[in-house]
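**Q** Structure file work.csv (CSV, C-alpha atoms) is given on the next line.
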chain,number,residue,atom,x,y,z
M,533,MET,CA,62.5,-40.6,-40.9
M,534,LYS,CA,60.4,-39.3,-43.7
M,535,SER,CA,61.3,-35.8,-45.1
M,536,ASN,CA,58.8,-33.5,-46.4
M,537,PRO,CA,59.2,-33.5,-50.2
M,538,GLY,CA,58.1,-29.9,-50.4
M,539,ARG,CA,61.2,-28.9,-48.5
M,540,LEU,CA,63.4,-30.2,-51.3
M,541,PHE,CA,62.5,-27.1,-53.4
M,542,LEU,CA,63.2,-24.9,-50.5
M,543,TYR,CA,66.7,-26.4,-50.1
M,544,ILE,CA,67.3,-26.0,-53.8
M,545,ALA,CA,66.3,-22.4,-53.6
M,546,ILE,CA,68.7,-21.9,-50.7
M,547,GLY,CA,71.4,-23.7,-52.7
M,548,CYS,CA,70.8,-21.3,-55.7
M,549,PHE,CA,71.1,-18.3,-53.4
M,550,ALA,CA,74.4,-19.6,-51.9
M,551,GLY,CA,75.6,-20.2,-55.5
M,552,ILE,CA,74.9,-16.6,-56.5
M,553,VAL,CA,76.8,-15.3,-53.4
M,554,ALA,CA,79.7,-17.7,-54.3
M,555,ILE,CA,79.8,-16.3,-57.9
M,556,PHE,CA,80.0,-12.8,-56.6
M,557,VAL,CA,82.9,-13.7,-54.3
M,558,VAL,CA,84.9,-15.8,-56.8
M,559,ASP,CA,84.2,-13.6,-59.7
M,560,GLY,CA,85.4,-10.6,-57.8
M,561,TYR,CA,88.6,-12.3,-56.8
M,562,LEU,CA,89.5,-13.8,-60.2
M,563,GLY,CA,91.2,-11.7,-62.8
M,564,ILE,CA,94.2,-9.5,-63.3
M,565,TYR,CA,94.7,-6.6,-61.0
M,566,ASP,CA,97.1,-3.7,-60.9
M,567,THR,CA,98.2,-1.4,-58.1
M,568,PHE,CA,100.3,1.7,-58.1
M,569,HIS,CA,102.5,2.7,-55.1
M,570,ILE,CA,103.8,6.2,-55.8
M,571,SER,CA,106.1,7.9,-53.3
M,572,VAL,CA,107.6,11.4,-53.1
M,573,GLY,CA,110.3,12.3,-50.6
M,574,GLU,CA,109.5,11.4,-47.0
M,575,TYR,CA,105.7,11.3,-47.5
M,576,PRO,CA,104.0,7.9,-47.2
M,577,PRO,CA,103.4,6.4,-50.7
M,578,GLN,CA,100.0,7.0,-52.4
M,579,THR,CA,98.4,3.8,-53.4
M,580,ILE,CA,96.0,3.5,-56.4
M,581,THR,CA,94.3,0.2,-56.3
M,582,ALA,CA,92.5,-1.5,-59.2
M,583,ASP,CA,89.1,-0.5,-57.8
M,584,TYR,CA,89.9,3.1,-58.5
M,585,TRP,CA,89.8,2.7,-62.2
M,586,ILE,CA,86.4,1.1,-62.4
M,587,ARG,CA,84.7,4.1,-60.8
M,588,GLU,CA,82.8,6.1,-63.3
M,589,ASP,CA,83.6,9.5,-61.7
M,590,TYR,CA,87.4,9.3,-61.5
M,591,ALA,CA,88.0,11.2,-64.8
M,592,TYR,CA,89.9,14.3,-63.9
M,593,GLU,CA,90.2,17.4,-66.1
M,594,VAL,CA,93.7,18.3,-66.6
M,595,PRO,CA,95.0,21.3,-68.5
M,596,TYR,CA,97.2,19.3,-70.9
M,597,PRO,CA,95.4,16.0,-71.7
M,598,VAL,CA,97.1,13.2,-73.7
M,599,ASP,CA,93.9,12.8,-75.7
M,600,THR,CA,92.3,15.6,-77.8
M,601,GLU,CA,89.3,15.8,-75.5
M,602,SER,CA,89.3,18.2,-72.6
M,603,THR,CA,89.2,15.5,-69.9
M,604,GLN,CA,91.0,12.3,-69.5
M,605,ASP,CA,90.6,9.4,-67.2
M,606,ALA,CA,93.5,9.9,-65.0
M,607,TYR,CA,94.6,9.8,-61.4
M,608,CYS,CA,95.3,13.3,-60.0
M,609,CYS,CA,97.7,14.3,-58.8
M,610,ILE,CA,101.3,13.5,-57.6
M,611,SER,CA,103.1,16.6,-56.7
M,612,ALA,CA,106.9,17.0,-56.2
M,613,ASP,CA,109.3,19.8,-55.8
M,614,TRP,CA,111.8,20.4,-58.6
M,615,ASP,CA,114.6,18.6,-56.7
M,616,GLN,CA,112.6,15.5,-55.7
M,617,ASN,CA,112.2,12.2,-57.4
M,618,ILE,CA,108.9,10.5,-57.9
M,619,ASN,CA,109.2,6.7,-57.3
M,620,PHE,CA,106.7,4.5,-59.1
M,621,GLU,CA,106.0,0.9,-58.2
M,622,TYR,CA,103.5,-0.9,-60.5
M,623,VAL,CA,102.2,-4.2,-59.1
M,624,VAL,CA,100.5,-6.7,-61.3
M,625,GLU,CA,98.5,-9.4,-59.6
M,626,ASN,CA,97.5,-12.6,-61.4
M,627,HIS,CA,94.4,-14.2,-59.9
M,628,THR,CA,93.9,-16.7,-62.6
M,629,PHE,CA,94.9,-20.3,-63.2
M,630,SER,CA,97.3,-19.6,-66.0
M,631,THR,CA,100.6,-17.7,-66.3
M,632,TYR,CA,100.1,-14.1,-67.4
M,633,SER,CA,102.7,-12.6,-69.6
M,634,VAL,CA,102.5,-9.0,-70.7
M,635,PHE,CA,104.6,-6.1,-72.0
M,636,ILE,CA,104.4,-3.0,-69.8
M,637,GLU,CA,105.3,0.4,-71.1
M,638,ALA,CA,105.4,3.6,-69.2
M,639,SER,CA,106.0,7.0,-70.8
M,640,LEU,CA,105.8,10.6,-69.9
M,641,TRP,CA,103.5,12.9,-71.9
M,642,GLN,CA,102.8,16.6,-72.1
M,643,LYS,CA,100.3,18.5,-74.3
M,644,GLY,CA,99.7,15.3,-76.3
M,645,GLU,CA,103.4,14.7,-77.1
M,646,LYS,CA,105.5,12.0,-75.7
M,647,ILE,CA,108.4,13.4,-73.7
M,648,ILE,CA,110.4,10.3,-72.7
M,649,ASP,CA,110.0,6.6,-72.3
M,650,LEU,CA,110.2,5.6,-68.6
M,651,LEU,CA,109.9,1.8,-68.8
M,652,SER,CA,109.7,-0.9,-71.3
M,653,GLU,CA,109.6,-4.4,-69.8
M,654,GLU,CA,108.0,-7.8,-70.3
M,655,VAL,CA,106.8,-9.4,-67.2
M,656,SER,CA,105.5,-12.9,-66.6
M,657,VAL,CA,103.3,-13.6,-63.5
M,658,SER,CA,102.7,-17.2,-62.3
M,659,PRO,CA,99.1,-18.2,-61.3
M,660,PHE,CA,97.9,-16.5,-58.1
M,661,ASN,CA,101.1,-14.6,-57.7
M,662,GLU,CA,102.2,-11.0,-58.3
M,663,THR,CA,105.2,-9.1,-59.7
M,664,SER,CA,106.2,-5.5,-59.7
M,665,VAL,CA,108.2,-3.1,-61.8
M,666,GLU,CA,109.7,0.1,-60.6
M,667,TRP,CA,110.9,3.3,-62.1
M,668,ILE,CA,111.9,6.8,-61.0
M,669,LEU,CA,110.9,10.1,-62.5
M,670,SER,CA,112.9,13.2,-61.7
M,671,SER,CA,112.8,16.6,-63.1
M,672,GLY,CA,116.3,16.2,-64.3
M,673,ASP,CA,115.2,13.4,-66.7
M,674,ILE,CA,112.6,15.7,-68.2
M,675,GLY,CA,115.2,18.3,-69.0
M,676,ILE,CA,113.7,21.5,-67.4
M,677,GLY,CA,117.0,23.1,-67.0
M,678,GLU,CA,115.9,26.7,-66.9
M,679,PRO,CA,112.4,27.0,-65.7
M,680,THR,CA,110.9,30.3,-66.9
M,681,ALA,CA,107.7,31.9,-65.8
M,682,GLU,CA,105.8,28.8,-65.1
M,683,TYR,CA,105.4,27.8,-61.5
M,684,SER,CA,104.5,24.2,-62.0
M,685,TYR,CA,105.0,21.8,-64.8
M,686,VAL,CA,102.3,19.2,-65.3
M,687,TYR,CA,102.8,15.9,-67.1
M,688,THR,CA,100.9,12.7,-67.6
M,689,VAL,CA,102.5,9.3,-66.9
M,690,ALA,CA,100.9,6.8,-69.1
M,691,VAL,CA,101.2,3.1,-68.4
M,692,ASP,CA,100.2,0.6,-71.1
M,693,ARG,CA,99.6,-3.0,-70.3
M,694,ASN,CA,98.1,-4.8,-73.3
M,695,GLU,CA,94.8,-3.0,-73.9
M,696,VAL,CA,94.7,-1.4,-70.4
M,697,GLU,CA,96.0,2.1,-70.0
M,698,ARG,CA,96.5,3.9,-66.7
M,699,LYS,CA,97.3,7.6,-66.5
M,700,VAL,CA,98.7,9.5,-63.6
M,701,ILE,CA,99.1,13.2,-63.5
M,702,VAL,CA,102.3,14.5,-62.0
M,703,ASP,CA,103.6,18.0,-61.5
M,704,PHE,CA,106.9,19.5,-60.5
M,705,TYR,CA,106.9,22.7,-58.6
M,706,TYR,CA,109.6,25.3,-59.2
M,707,PRO,CA,110.4,28.3,-57.1
M,708,ARG,CA,109.0,31.5,-58.4
M,709,GLU,CA,111.3,34.3,-59.6
M,710,GLY,CA,113.8,35.0,-56.9
M,711,GLY,CA,113.9,31.5,-55.5
M,712,PHE,CA,112.8,30.3,-52.1
M,713,PRO,CA,113.1,32.7,-49.2
M,714,ASP,CA,116.1,32.4,-47.0
M,715,ARG,CA,115.8,30.2,-44.0
M,716,ILE,CA,115.0,32.2,-40.9
M,717,PRO,CA,117.6,31.7,-38.2
M,718,ALA,CA,116.4,29.9,-35.1
M,719,GLU,CA,117.2,32.8,-32.8
M,720,LYS,CA,115.1,35.2,-34.8
M,721,MET,CA,112.1,32.9,-34.5
M,722,ARG,CA,112.0,33.3,-30.7
D,1346,MET,CA,39.7,-2.0,-40.0
D,1347,GLU,CA,41.5,1.4,-40.3
D,1348,GLU,CA,44.5,0.0,-38.3
D,1349,LYS,CA,44.7,-3.0,-40.6
D,1350,LEU,CA,44.7,-0.7,-43.7
D,1351,LYS,CA,47.4,1.4,-42.2
D,1352,ALA,CA,49.5,-1.7,-41.4
D,1353,ASN,CA,49.0,-3.0,-45.0
D,1354,ILE,CA,50.1,0.4,-46.4
D,1355,LEU,CA,53.2,0.3,-44.3
D,1356,TYR,CA,53.9,-3.3,-45.4
D,1357,ILE,CA,53.6,-2.3,-49.0
D,1358,ILE,CA,56.0,0.7,-48.5
D,1359,GLY,CA,58.5,-1.5,-46.7
D,1360,THR,CA,58.3,-4.2,-49.3
D,1361,ILE,CA,58.8,-1.7,-52.2
D,1362,SER,CA,61.7,-0.1,-50.3
D,1363,ALA,CA,63.4,-3.5,-49.7
D,1364,VAL,CA,63.0,-4.6,-53.3
D,1365,VAL,CA,64.3,-1.3,-54.7
D,1366,GLY,CA,67.2,-1.3,-52.2
D,1367,LEU,CA,68.1,-4.9,-53.0
D,1368,GLY,CA,67.8,-4.2,-56.7
D,1369,TYR,CA,70.1,-1.2,-56.5
D,1370,LEU,CA,72.7,-3.1,-54.6
D,1371,ALA,CA,72.4,-6.1,-57.0
D,1372,TRP,CA,72.8,-3.7,-59.9
D,1373,GLU,CA,75.9,-2.1,-58.4
D,1374,TYR,CA,77.5,-5.5,-57.9
D,1375,VAL,CA,76.4,-7.1,-61.2
D,1376,ARG,CA,77.9,-4.2,-63.2
D,1377,TYR,CA,81.4,-5.4,-62.3
D,1378,LEU,CA,80.8,-9.2,-62.9
D,1379,THR,CA,82.3,-10.9,-65.9
D,1380,GLU,CA,80.0,-12.2,-68.6
D,1381,PRO,CA,80.3,-15.9,-67.5
D,1382,GLY,CA,79.5,-14.7,-63.9
D,1383,LYS,CA,76.4,-12.8,-65.1
D,1384,LEU,CA,75.2,-15.9,-67.0
D,1385,GLY,CA,75.8,-18.1,-63.9
D,1386,CYS,CA,73.9,-15.7,-61.7
D,1387,LEU,CA,71.0,-15.6,-64.2
D,1388,VAL,CA,70.7,-19.4,-64.3
D,1389,LEU,CA,70.9,-19.6,-60.5
D,1390,LEU,CA,68.3,-16.8,-60.1
D,1391,ALA,CA,65.9,-18.7,-62.4
D,1392,GLY,CA,66.5,-21.8,-60.4
D,1393,LEU,CA,65.9,-19.8,-57.1
D,1394,PHE,CA,62.6,-18.3,-58.2
D,1395,GLY,CA,61.5,-21.6,-59.8
D,1396,SER,CA,62.2,-23.6,-56.7
D,1397,LEU,CA,60.6,-21.0,-54.4
D,1398,GLY,CA,57.5,-21.0,-56.7
D,1399,LYS,CA,57.3,-24.8,-56.6
D,1400,TYR,CA,57.8,-24.8,-52.8
D,1401,PHE,CA,54.9,-22.3,-52.2
D,1402,GLU,CA,52.8,-24.1,-54.7
D,1403,GLN,CA,53.1,-27.4,-52.8
D,1404,LYS,CA,52.6,-25.7,-49.5
D,1405,VAL,CA,49.4,-24.1,-50.6
D,1406,SER,CA,47.9,-27.2,-52.2
Now that the file is in, can you turn its structure into structure tokens?

**A**
Amino acid sequence: MKSNPGRLFLYIAIGCFAGIVAIFVVDGYLGIYDTFHISVGEYPPQTITADYWIREDYAYEVPYPVDTESTQDAYCCISADWDQNINFEYVVENHTFSTYSVFIEASLWQKGEKIIDLLSEEVSVSPFNETSVEWILSSGDIGIGEPTAEYSYVYTVAVDRNEVERKVIVDFYYPREGGFPDRIPAEKMR
Amino acid sequence: MEEKLKANILYIIGTISAVVGLGYLAWEYVRYLTEPGKLGCLVLLAGLFGSLGKYFEQKVS
């Protein structure tokens, strides 16, 4: 059986196209990825995947940015009542062929000043594996003992991983003057 | 003749739209590729067009 020699170039062209598609798939998979799972109270956790941070329009203007500019690249927002905890889980996925070791630091900021350190931990992730670190943020840790006129207190949680920095805006709501209204008895609701 | 002209215009519009659409999608994907990935794609793209050109050259002659 004699094959048409002209077809050879067609097959090469098809092979090149398949190679380009393969590069897109493999290149998209390889790398270091991070994901946040943030939960407050009984609500299902909010998940911030690595894709979120490569969007160009995710920058959110917050009133008290960490940087001197008026906007910062941050996820907005995680809200909690004054008596609730905010549970953070930060997952680092290593989709490379070597072990990934990194120092992760999480801290709380307000008006450009660091309030407290939340986490300081070195993690090591084996190839094609993942690991996670967790921490809890509560209003008690921040030390707002006597909330004054402000209704909500806005902070930025900054997570540093080598040269990668992620910022998440959190706010704690406090009752206005006079506190929450009294619970209405069930019989009066009818 | 007029029908053929109309068909040709529609072909041109369709071709331009397809090229622009594919170009936009390719740009959206390429932005997030790593540098070695971009280089690999460039080499394979050159091979793709070179092979296609050679294929059509042999087909016509």

**Q** Kindly give the distance, in Å, that separates atom CA of M:Cys608 and atom CA of M:Val686, rounded to a single decimal.

**A**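 Separation between atom CA of M:Cys608 and atom CA of M:Val686: 10.6 Å.
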
**Q** Using all atoms listed in the file and a cut-off of 6 Å, which residues of chain D sit close to chain M? Please list them as a ChimeraX atom specification.

**A** /D:1386,1389,1393,1396-1397,1400

**Q** Just to be explicit: take each residue in the selection above, keep C-alpha atoms, and write the result as a compact mmCIF listing (two decimals), in the coordinates of the input.

**A**
# COMPACT_ATOMS: atom_id res chain seq x y z
CA CYS D 1386 73.90 -15.70 -61.70
CA LEU D 1389 70.90 -19.60 -60.50
CA LEU D 1393 65.90 -19.80 -57.10
CA SER D 1396 62.20 -23.60 -56.70
CA LEU D 1397 60.60 -21.00 -54.40
CA TYR D 1400 57.80 -24.80 -52.80

**Q** May I have the residues at most 9 Å from (101.1, 4.4, -65.8) in the file's coordinates, counting only C-alpha atoms, as a VMD selection string?

**A** chain M and resid 568 620 622 637 to 640 688 to 693 697 to 700

**Q** Give the answer as one residue: which of M:Ser656, M:Asn694, M:Asn661, M:Ser571 has the shortest atom-to-atom distance to M:Ser611, using all atoms listed in the file?

**A** M:Ser571

**Q** What does the distance from atom CA of M:Val655 to atom CA of M:Val634 come to in Å, to one decimal?

**A**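 Straight-line distance from atom CA of M:Val655 to atom CA of M:Val634 works out to 5.6 Å.
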
**Q** Could you tell me how far atom CA of M:Ile674 sits from atom CA of M:Glu645, in Å to one decimal place?

**A**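 Atom-to-atom, atom CA of M:Glu645 to atom CA of M:Ile674, that is 12.8 Å.
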
**Q** Within 10 Å of M:Ile610, counting all atoms listed in the file, which residues show up once you throw out same-chain ones fewer than 4 positions away? Write them as a VMD selection string, please.

**A** chain M and resid 570 to 572 578 618 686 to 687 700 to 704

**Q** For a quick check of understanding, using only C-alpha atoms, which of M:His569, M:Gln642, M:Thr581, M:Glu695 has the smallest distance to M:Ile668?

**A**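 Of the candidates, the smallest distance to M:Ile668 is held by M:His569.
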
**Q** Considering only C-alpha atoms, can you say which of M:Thr579, M:Asn626, M:Gln616, M:Ser670 comes closest to M:Leu650?

**A**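 Distance minimum relative to M:Leu650 lands on M:Ser670.
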
**Q** Identify which of the residues M:Asn619, M:Thr628, M:Tyr561, M:Glu654 lies closest to D:Leu1378, counting all atoms listed in the file when measuring atom-to-atom distances.

**A**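 For D:Leu1378, the nearest of the given residues is M:Tyr561.
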